[in-house]
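What follows is a single structure, written as structure tokens, with notes after it.
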Amino acid sequence: MRDTVVIAAQTLLLAVLAPAVVGYVRFAKARLQGRRGAGVLQPYRELRKTFGKGMVIAESASWIFHVAPFAILGATLAAASLAPVVSAVQPADVLGDLFVLTALLMLGTFFLALGGLDPGTAFGGMGSSREMTVAALTEPTLAIAILTLALTTGSTSLGVIAGSVLKTPAYAVGPGHAMAFTAFLIAMIAETGRLPVDNPSTHLELTMIHEAMILEYSGPYLALIEWAASIRLALLLTLAANLFLPWGLAASLAPSALAAGFVAILVKLGVLGLLLALLETRVAKLRLFRVPELLALSFTLALLAAASSFFTR
Amino acid sequence: MDATFSRLTMTAASAMLLLALVVLWRRHVSAYITAFRTQSVVLAFVGGVVAWYGHVPELFFVSVVILILKGWIVPWVLSGMETRRHSARELHPLVNTETSLLVCGALAVAAYEISRPLAEVMNLATRGGLPVALALIFVSLFIVVSRREAIAQIVGFLMLENGIALLALLGAYGVPLVVEMGVFLDVLLGVLVMQAVVYHIYETSAD
């Protein structure tokens with residue numbers, strides 16, 4: 001019973017916090033670019049508005065088009081339930097480890113691509129094919145980068161990884177760790193469709209990836225997909241914060257430790273979100289044909305990190 | 001103390017390898033030169049760390065020379081060569097970027113595997129960095145053979161030299177001072193000769 005509550009509370013926290021993370025990154029970006037920017041809570045208002053709207057569905061759409069938004073949100077929520085958010089004591093460790101997490105994220109991407117293909121429009125198909133090109137390299141990179149930590153700590157369960165890095169800070173200083181973190185960040189940017197790979201704030205570009213796939217969606221379905229996308233961003237930022245830099249994470253379930261863990265994750269998300277906004281302000285979008293090169297770089301880094309962790313043990 | 005020593009040298013060695021990998025991804029000569037300059041500064045840092053923890057005071061002198069020669073003079077000469085190059089700014093590698101990154105990943109893993117027995121029998125605190133140094137040598141060699149433009153090949157060759165210096169620092173806490181000075185003179189002379197030769201190449205053929 002207690003385990004269920006812990007898992008549900010952490011998942012719920014991530015799901016509720018996610019739109020605010022997106023709003024915060026947008027706000028920080030606007031300020032860096034000298035604009036006033038919408039408030040941090042703007043994505044919630046957008047979600048409420050989109051949920052209340054009617055839907056226009058293409059005649060050529062099959063049942064897959066209707067299933068996809070629920071499958072995407074479901075897979076993303078299931079993946080989010082595995083992550084240690086506030087406490088390193090994560091009962092969901094018995095349900096799945098880092099491979100399950102990667103597979104669930106991949107499942108969400110898969111349904112997103114299917115949903116883009118289904119109505120048979122040119123933009124949707126283009127977006128799906130691009131998304132698959134990117135995903136084929138990012139998912140293994142994410143898995144190998146986390147696997148590096150698993151090799152150092154001796155467990156593939158996310159909670160145990162965070163806990164043992166917390167107990168032995170020496171694990172967190174070293175070449176393998178740094179390379180894995182870099183690889184993870186590059187893969188995360190590609191996976192969440194942020195700037196050097198995909199531009200999250202335009203809809204009118206021939207190079208768009210994420211927006212092209214969801215072009216046919218409207219109303220509540222669009223809201224579900226947008227919400228899932230924000231959860232994915234929050235989840236990956238949380239993983240980056242809590243697996244690679246786990247300080248502040250609660251080591252037990254005592255109320256004071258949990259409160260400290262809650263503050264810590266807010267601070268860490270704030271810092272990482274600010275870094276993301278800084279990066280997005282500084283870099284220009286890559287040409288689409290250079291994206292696989294960047295991803296190959298991150299894959300090589302992850303591979304080297306995993307190989308070098310055999311030496312530091 | 002020993003743990004810090006080993007961590008510091010390993011992290012710095014990995015940073016040097018990382019800079020060699022970055023070169024594979026970039027397409028402009030100025031990025032190549034910046035990567036080489038940063039790599040040389042990191043090499044000087046490794047020299048300082050080995051001098052401090054390994055109690056080899058003469059290495060302090062060596063790292064200062066590295067800093068001046070490879071961190072300042074050689075990049076300066078290279079930048080001069082680059083400004084005299086009139087042809088297209090972008091480099092065209094013989095092997096495409098994805099393939100060369102994956103090849104270098106495989107090369108690095110091979111280097112790890114080859115040097116594993118060596119690292120196991122040694123008892124120096126820096127032994128963890130040996131595979132990384134060997135990987136750096138392999139990757140730099142790949143840069144030399146896979147680039148078409150002469151200036152990119154020179155940067156690859158200088159990185160190869162950095163890798164050998166790193167191997168000497170980590171594997172033996174540096175070679176005797178006389179040998180080190182000889183190597184420095186060789187590098188300086190080599191770069192100057194290459195500068196003249198490359199200038200002739202540009203003169204006689206349009207790249």
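In the structure tokens, chains take letters A, B, ... by order of appearance, with residues numbered from 1 within each chain and ligands from 1 in the order shown.
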For chain A, work out the contacting residues on chain B at 12 Å, counting only C-alpha atoms, and write them as a tab-separated table (two decimals) with N, CA, C and O atoms, in the first residue's frame.
chain	number	residue	atom	x	y	z
B	3	ALA	N	43.74	8.47	-5.03
B	3	ALA	CA	42.47	8.40	-5.76
B	3	ALA	C	42.23	9.70	-6.53
B	3	ALA	O	41.84	9.69	-7.70
B	4	THR	N	42.51	10.84	-5.86
B	4	THR	CA	42.35	12.13	-6.53
B	4	THR	C	43.26	12.22	-7.74
B	4	THR	O	42.86	12.65	-8.82
B	5	PHE	N	44.51	11.79	-7.55
B	5	PHE	CA	45.51	11.80	-8.62
B	5	PHE	C	44.98	11.04	-9.82
B	5	PHE	O	44.93	11.54	-10.95
B	6	SER	N	44.53	9.81	-9.56
B	6	SER	CA	44.09	8.95	-10.66
B	6	SER	C	42.85	9.53	-11.34
B	6	SER	O	42.74	9.55	-12.57
B	7	ARG	N	41.91	10.06	-10.52
B	7	ARG	CA	40.68	10.65	-11.10
B	7	ARG	C	41.01	11.85	-11.97
B	7	ARG	O	40.48	12.01	-13.06
B	8	LEU	N	41.90	12.74	-11.45
B	8	LEU	CA	42.24	13.96	-12.18
B	8	LEU	C	42.89	13.62	-13.51
B	8	LEU	O	42.50	14.16	-14.56
B	9	THR	N	43.87	12.71	-13.50
B	9	THR	CA	44.56	12.40	-14.75
B	9	THR	C	43.60	11.72	-15.72
B	9	THR	O	43.60	12.02	-16.92
B	10	MET	N	42.74	10.82	-15.21
B	10	MET	CA	41.81	10.13	-16.11
B	10	MET	C	40.83	11.09	-16.75
B	10	MET	O	40.52	11.00	-17.94
B	11	THR	N	40.30	12.03	-15.92
B	11	THR	CA	39.34	12.98	-16.47
B	11	THR	C	40.00	13.86	-17.52
B	11	THR	O	39.43	14.09	-18.60
B	12	ALA	N	41.22	14.32	-17.23
B	12	ALA	CA	41.91	15.19	-18.20
B	12	ALA	C	42.22	14.41	-19.47
B	12	ALA	O	42.03	14.93	-20.59
B	13	ALA	N	42.65	13.15	-19.32
B	13	ALA	CA	42.95	12.34	-20.51
B	13	ALA	C	41.69	12.15	-21.34
B	13	ALA	O	41.72	12.24	-22.58
B	14	SER	N	40.56	11.91	-20.67
B	14	SER	CA	39.32	11.74	-21.41
B	14	SER	C	38.92	13.02	-22.11
B	14	SER	O	38.39	12.98	-23.23
B	15	ALA	N	39.18	14.17	-21.46
B	15	ALA	CA	38.86	15.44	-22.10
B	15	ALA	C	39.67	15.58	-23.39
B	15	ALA	O	39.17	16.07	-24.41
B	16	MET	N	40.94	15.13	-23.34
B	16	MET	CA	41.78	15.22	-24.55
B	16	MET	C	41.21	14.34	-25.66
B	16	MET	O	41.16	14.74	-26.83
B	17	LEU	N	40.77	13.14	-25.30
B	17	LEU	CA	40.18	12.24	-26.29
B	17	LEU	C	38.91	12.86	-26.88
B	17	LEU	O	38.66	12.81	-28.08
B	18	LEU	N	38.13	13.48	-25.99
B	18	LEU	CA	36.88	14.12	-26.38
B	18	LEU	C	37.15	15.21	-27.42
B	18	LEU	O	36.44	15.34	-28.41
B	19	LEU	N	38.23	15.99	-27.19
B	19	LEU	CA	38.55	17.08	-28.11
B	19	LEU	C	38.95	16.54	-29.48
B	19	LEU	O	38.64	17.14	-30.52
B	20	ALA	N	39.61	15.36	-29.47
B	20	ALA	CA	39.95	14.74	-30.76
B	20	ALA	C	38.68	14.30	-31.47
B	20	ALA	O	38.57	14.41	-32.70
B	21	LEU	N	37.70	13.80	-30.71
B	21	LEU	CA	36.44	13.38	-31.33
B	21	LEU	C	35.66	14.58	-31.87
B	21	LEU	O	35.02	14.49	-32.91
B	22	VAL	N	35.74	15.70	-31.15
B	22	VAL	CA	35.03	16.90	-31.58
B	22	VAL	C	35.53	17.34	-32.96
B	22	VAL	O	34.76	17.77	-33.81
B	23	VAL	N	36.86	17.18	-33.17
B	23	VAL	CA	37.43	17.55	-34.46
B	23	VAL	C	36.74	16.80	-35.60
B	23	VAL	O	36.50	17.35	-36.67
B	24	LEU	N	36.39	15.52	-35.34
B	24	LEU	CA	35.76	14.73	-36.39
B	24	LEU	C	34.42	15.32	-36.79
B	24	LEU	O	33.95	15.15	-37.91
B	25	TRP	N	33.79	15.99	-35.82
B	25	TRP	CA	32.45	16.49	-36.09
B	25	TRP	C	32.46	17.86	-36.75
B	25	TRP	O	31.58	18.18	-37.54
B	26	ARG	N	33.47	18.67	-36.43
B	26	ARG	CA	33.50	20.03	-36.94
B	26	ARG	C	33.99	20.06	-38.38
B	26	ARG	O	34.63	19.12	-38.85
B	27	ARG	N	33.72	21.16	-39.09
B	27	ARG	CA	34.08	21.22	-40.50
B	27	ARG	C	34.96	22.40	-40.84
B	27	ARG	O	35.28	22.61	-42.00
B	96	ASN	N	32.69	9.95	-44.38
B	96	ASN	CA	31.67	10.86	-43.85
B	96	ASN	C	31.63	10.84	-42.33
B	96	ASN	O	32.20	9.95	-41.68
B	97	THR	N	31.01	11.86	-41.76
B	97	THR	CA	31.16	12.11	-40.33
B	97	THR	C	30.63	10.97	-39.46
B	97	THR	O	31.29	10.55	-38.51
B	98	GLU	N	29.43	10.47	-39.79
B	98	GLU	CA	28.86	9.39	-38.97
B	98	GLU	C	29.79	8.19	-38.94
B	98	GLU	O	30.11	7.66	-37.88
B	99	THR	N	30.24	7.79	-40.16
B	99	THR	CA	31.10	6.61	-40.23
B	99	THR	C	32.38	6.84	-39.45
B	99	THR	O	32.83	5.97	-38.70
B	100	SER	N	32.97	8.05	-39.60
B	100	SER	CA	34.26	8.24	-38.93
B	100	SER	C	34.08	8.26	-37.42
B	100	SER	O	34.94	7.76	-36.70
B	101	LEU	N	32.93	8.79	-36.93
B	101	LEU	CA	32.70	8.76	-35.48
B	101	LEU	C	32.58	7.32	-34.99
B	101	LEU	O	33.15	6.94	-33.97
B	102	LEU	N	31.82	6.52	-35.75
B	102	LEU	CA	31.64	5.13	-35.31
B	102	LEU	C	32.95	4.36	-35.41
B	102	LEU	O	33.28	3.56	-34.52
B	103	VAL	N	33.74	4.63	-36.48
B	103	VAL	CA	35.03	3.97	-36.60
B	103	VAL	C	35.91	4.33	-35.41
B	103	VAL	O	36.58	3.48	-34.82
B	104	CYS	N	35.87	5.62	-35.01
B	104	CYS	CA	36.71	6.04	-33.89
B	104	CYS	C	36.23	5.43	-32.58
B	104	CYS	O	37.04	5.11	-31.71
B	105	GLY	N	34.90	5.27	-32.43
B	105	GLY	CA	34.40	4.55	-31.26
B	105	GLY	C	34.97	3.15	-31.21
B	105	GLY	O	35.48	2.70	-30.17
B	106	ALA	N	34.96	2.46	-32.36
B	106	ALA	CA	35.50	1.10	-32.41
B	106	ALA	C	36.99	1.11	-32.13
B	106	ALA	O	37.50	0.24	-31.39
B	107	LEU	N	37.71	2.10	-32.69
B	107	LEU	CA	39.15	2.20	-32.46
B	107	LEU	C	39.46	2.38	-30.98
B	107	LEU	O	40.38	1.76	-30.44
B	108	ALA	N	38.63	3.24	-30.31
B	108	ALA	CA	38.87	3.49	-28.90
B	108	ALA	C	38.63	2.23	-28.08
B	108	ALA	O	39.40	1.90	-27.17
B	109	VAL	N	37.54	1.51	-28.41
B	109	VAL	CA	37.28	0.27	-27.67
B	109	VAL	C	38.42	-0.72	-27.90
B	109	VAL	O	38.88	-1.40	-26.97
B	110	ALA	N	38.93	-0.78	-29.16
B	110	ALA	CA	40.06	-1.66	-29.46
B	110	ALA	C	41.27	-1.26	-28.62
B	110	ALA	O	41.98	-2.12	-28.07
B	111	ALA	N	41.51	0.07	-28.51
B	111	ALA	CA	42.66	0.54	-27.73
B	111	ALA	C	42.50	0.13	-26.27
B	111	ALA	O	43.47	-0.30	-25.62
B	112	TYR	N	41.28	0.25	-25.74
B	112	TYR	CA	41.02	-0.18	-24.36
B	112	TYR	C	41.37	-1.65	-24.20
B	112	TYR	O	42.00	-2.06	-23.23
B	113	GLU	N	40.92	-2.45	-25.18
B	113	GLU	CA	41.10	-3.90	-25.08
B	113	GLU	C	42.58	-4.26	-25.16
B	113	GLU	O	43.07	-5.08	-24.40
B	115	SER	N	45.21	-2.39	-24.40
B	115	SER	CA	46.06	-1.94	-23.30
B	115	SER	C	45.58	-2.47	-21.95
B	115	SER	O	46.19	-2.18	-20.94
B	116	ARG	N	44.50	-3.24	-21.95
B	116	ARG	CA	44.01	-3.74	-20.66
B	116	ARG	C	45.06	-4.58	-19.91
B	116	ARG	O	45.30	-4.35	-18.72
B	117	PRO	N	45.74	-5.56	-20.59
B	117	PRO	CA	46.74	-6.35	-19.85
B	117	PRO	C	47.84	-5.47	-19.27
B	117	PRO	O	48.29	-5.68	-18.14
B	119	ALA	N	47.61	-2.27	-18.39
B	119	ALA	CA	47.13	-1.49	-17.25
B	119	ALA	C	46.98	-2.37	-16.02
B	119	ALA	O	47.06	-1.88	-14.89
B	120	GLU	N	46.77	-3.67	-16.22
B	120	GLU	CA	46.55	-4.54	-15.07
B	120	GLU	C	47.84	-4.85	-14.32
B	120	GLU	O	47.82	-5.03	-13.10
B	125	ALA	N	49.50	5.11	-10.17
B	125	ALA	CA	48.15	5.64	-9.96
B	125	ALA	C	47.52	6.07	-11.27
B	125	ALA	O	46.31	6.17	-11.39
B	126	THR	N	48.36	6.34	-12.29
B	126	THR	CA	47.84	6.88	-13.54
B	126	THR	C	47.48	5.80	-14.55
B	126	THR	O	47.15	6.12	-15.69
B	127	ARG	N	47.55	4.52	-14.15
B	127	ARG	CA	47.40	3.46	-15.16
B	127	ARG	C	46.05	3.51	-15.87
B	127	ARG	O	45.94	3.11	-17.02
B	128	GLY	N	45.01	4.04	-15.19
B	128	GLY	CA	43.69	4.11	-15.80
B	128	GLY	C	43.66	4.97	-17.05
B	128	GLY	O	42.81	4.79	-17.92
B	129	GLY	N	44.60	5.92	-17.15
B	129	GLY	CA	44.60	6.82	-18.30
B	129	GLY	C	45.31	6.25	-19.51
B	129	GLY	O	45.17	6.78	-20.61
B	130	LEU	N	46.09	5.15	-19.34
B	130	LEU	CA	46.86	4.60	-20.46
B	130	LEU	C	45.98	4.21	-21.64
B	130	LEU	O	46.29	4.59	-22.78
B	131	PRO	N	44.88	3.47	-21.41
B	131	PRO	CA	44.02	3.11	-22.56
B	131	PRO	C	43.50	4.35	-23.27
B	131	PRO	O	43.41	4.36	-24.50
B	132	VAL	N	43.19	5.40	-22.49
B	132	VAL	CA	42.67	6.63	-23.10
B	132	VAL	C	43.74	7.26	-23.99
B	132	VAL	O	43.46	7.72	-25.10
B	135	ALA	N	44.00	5.31	-27.09
B	135	ALA	CA	42.83	5.61	-27.93
B	135	ALA	C	43.03	6.95	-28.63
B	135	ALA	O	42.69	7.09	-29.82
B	136	LEU	N	43.59	7.93	-27.91
B	136	LEU	CA	43.84	9.25	-28.52
B	136	LEU	C	44.80	9.12	-29.70
B	136	LEU	O	44.61	9.73	-30.75
Original post:
Expressed in Å to a single decimal, how great is the separation between CA of His210 in chain A and CA of Glu131 in chain A?
Top reply: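 The value is 7.3 Å.
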**OP:** Once DSSP has gone over the backbone, tell me which residues of range 25-163 of chain B are in alpha helix (DSSP H), as a VMD selection string.
**Re:** chain B and resid 25 29 to 53 58 to 68 74 to 83 97 to 121 130 to 146 150 to 163
Subject >> Residues within 8 Å of Pro93 in chain B, only C-alpha atoms, excluding chain neighbours under 4 positions, as a PyMOL selection string >> reply: chain B and resi 97+146-148
Please produce a file of those selected residues containing N, CA and C atoms, as a compact mmCIF listing (two decimals), in the first residue's frame.
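Below is the file part_25.txt, written as the result:
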# COMPACT_ATOMS: atom_id res chain seq x y z
N THR B 97 31.01 11.86 -41.76
CA THR B 97 31.16 12.11 -40.33
C THR B 97 30.63 10.97 -39.46
N SER B 146 42.16 10.32 -42.75
CA SER B 146 40.83 10.49 -43.33
C SER B 146 40.54 11.93 -43.77
N ARG B 147 41.49 12.85 -43.63
CA ARG B 147 41.25 14.23 -44.08
C ARG B 147 41.95 14.44 -45.41
N ARG B 148 41.39 15.31 -46.22
CA ARG B 148 41.98 15.56 -47.53
C ARG B 148 42.90 16.78 -47.48
Subject >> Contacts of Thr102 in chain A at 9 Å (only C-alpha atoms; same-chain gap of 5+ positions) as a PyMOL selection string >> reply: chain A and resi 79+97+107+139-140+142-143
Would you mind exporting all heavy atoms of the selected residues as a PDB file, in the first residue's frame?
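And here's result-v8.pdb as it stands now:
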ATOM      1  N   ALA A  79       6.517   5.378 -17.997  1.00  0.00           N
ATOM      2  CA  ALA A  79       7.958   5.620 -17.903  1.00  0.00           C
ATOM      3  C   ALA A  79       8.260   6.545 -16.731  1.00  0.00           C
ATOM      4  O   ALA A  79       9.219   6.334 -15.982  1.00  0.00           O
ATOM      5  CB  ALA A  79       8.477   6.224 -19.206  1.00  0.00           C
ATOM      6  N   ASP A  97      13.353  -1.556 -14.867  1.00  0.00           N
ATOM      7  CA  ASP A  97      14.627  -0.860 -14.707  1.00  0.00           C
ATOM      8  C   ASP A  97      14.850   0.070 -15.892  1.00  0.00           C
ATOM      9  O   ASP A  97      13.900   0.455 -16.571  1.00  0.00           O
ATOM     10  CB  ASP A  97      15.767  -1.877 -14.579  1.00  0.00           C
ATOM     11  CG  ASP A  97      15.757  -2.858 -15.731  1.00  0.00           C
ATOM     12  OD1 ASP A  97      14.986  -2.641 -16.666  1.00  0.00           O
ATOM     13  OD2 ASP A  97      16.519  -3.837 -15.676  1.00  0.00           O
ATOM     14  N   LEU A 107       8.162   3.271 -27.055  1.00  0.00           N
ATOM     15  CA  LEU A 107       6.768   2.936 -27.389  1.00  0.00           C
ATOM     16  C   LEU A 107       5.975   4.218 -27.652  1.00  0.00           C
ATOM     17  O   LEU A 107       5.205   4.300 -28.620  1.00  0.00           O
ATOM     18  CB  LEU A 107       6.145   2.156 -26.236  1.00  0.00           C
ATOM     19  CG  LEU A 107       4.780   1.533 -26.493  1.00  0.00           C
ATOM     20  CD1 LEU A 107       4.909   0.416 -27.499  1.00  0.00           C
ATOM     21  CD2 LEU A 107       4.166   1.005 -25.208  1.00  0.00           C
ATOM     22  N   GLU A 139      17.546   6.572 -28.712  1.00  0.00           N
ATOM     23  CA  GLU A 139      17.136   5.612 -27.679  1.00  0.00           C
ATOM     24  C   GLU A 139      18.303   4.746 -27.201  1.00  0.00           C
ATOM     25  O   GLU A 139      18.522   4.641 -25.996  1.00  0.00           O
ATOM     26  CB  GLU A 139      15.979   4.743 -28.175  1.00  0.00           C
ATOM     27  CG  GLU A 139      14.766   5.526 -28.643  1.00  0.00           C
ATOM     28  CD  GLU A 139      13.941   6.130 -27.512  1.00  0.00           C
ATOM     29  OE1 GLU A 139      14.153   5.734 -26.355  1.00  0.00           O
ATOM     30  OE2 GLU A 139      13.107   6.996 -27.795  1.00  0.00           O
ATOM     31  N   PRO A 140      19.096   4.136 -28.133  1.00  0.00           N
ATOM     32  CA  PRO A 140      20.247   3.380 -27.628  1.00  0.00           C
ATOM     33  C   PRO A 140      21.230   4.252 -26.853  1.00  0.00           C
ATOM     34  O   PRO A 140      21.820   3.791 -25.873  1.00  0.00           O
ATOM     35  CB  PRO A 140      20.887   2.798 -28.892  1.00  0.00           C
ATOM     36  CG  PRO A 140      20.274   3.486 -30.023  1.00  0.00           C
ATOM     37  CD  PRO A 140      18.965   3.987 -29.582  1.00  0.00           C
ATOM     38  N   LEU A 142      20.537   6.894 -24.944  1.00  0.00           N
ATOM     39  CA  LEU A 142      20.009   7.061 -23.585  1.00  0.00           C
ATOM     40  C   LEU A 142      20.280   5.809 -22.759  1.00  0.00           C
ATOM     41  O   LEU A 142      20.780   5.876 -21.632  1.00  0.00           O
ATOM     42  CB  LEU A 142      18.492   7.304 -23.633  1.00  0.00           C
ATOM     43  CG  LEU A 142      17.992   8.677 -24.053  1.00  0.00           C
ATOM     44  CD1 LEU A 142      16.482   8.704 -23.987  1.00  0.00           C
ATOM     45  CD2 LEU A 142      18.567   9.742 -23.147  1.00  0.00           C
ATOM     46  N   ALA A 143      19.966   4.649 -23.356  1.00  0.00           N
ATOM     47  CA  ALA A 143      20.123   3.398 -22.605  1.00  0.00           C
ATOM     48  C   ALA A 143      21.579   3.176 -22.228  1.00  0.00           C
ATOM     49  O   ALA A 143      21.891   2.841 -21.076  1.00  0.00           O
ATOM     50  CB  ALA A 143      19.596   2.232 -23.430  1.00  0.00           C
TER      51      ALA A 143
END
**OP:** Find the residue from B:Ser30, B:Asn123, B:Gln195, B:Ser63 that sits nearest to Ala44 in chain B; use only C-alpha atoms when measuring.
**Re:**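 For Ala44 in chain B, the nearest of the given residues is B:Ser63.
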**OP:** Tell me which of A:Asp198, A:Glu191, A:Glu211, A:Glu280 sits closest to Arg232 in chain A, counting only C-alpha atoms.
**Re:**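 Nearest candidate to Arg232 in chain A out of A:Asp198, A:Glu191, A:Glu211, A:Glu280: A:Glu191.
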**OP:** Extract, using only C-alpha atoms, all DNA, RNA and protein residues at most 10 Å from Val183 in chain B, discarding same-chain residues fewer than 6 positions from it, and format them as a list of chain:residue names.
**Re:**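 After dropping sequence-adjacent residues, the list is B:Glu161, B:Ala165, B:Leu177, B:Leu189.
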Resulting file, chosen residues, C-alpha atoms, as a tab-separated table (two decimals), in the first residue's frame:
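result24.tsv, written as the output of this step:
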chain	number	residue	atom	x	y	z
B	161	GLU	CA	52.06	13.97	-30.90
B	165	ALA	CA	53.28	12.92	-24.87
B	177	LEU	CA	64.33	16.49	-19.84
B	189	LEU	CA	60.71	22.68	-36.66
**OP:** Choose the residue, out of A:Ala240, A:Val267, A:Ala8, A:Gly116, that has the smallest atom-to-atom separation from His66 in chain A; count only C-alpha atoms.
**Re:**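 So, comparing all the options, the nearest one is A:Gly116.
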Original post:
Between CA of Phe65 in chain A and CA of Leu112 in chain A, what is the spacing in Å?
Top reply: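 Between these atoms lies a distance of 9.4 Å.
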Subject >> Contacts of Arg48 in chain A at 12 Å (only C-alpha atoms; same-chain gap of 2+ positions) as a PyMOL selection string >> reply: chain A and resi 19+41-46+50-53+219-220+222-224+226-227
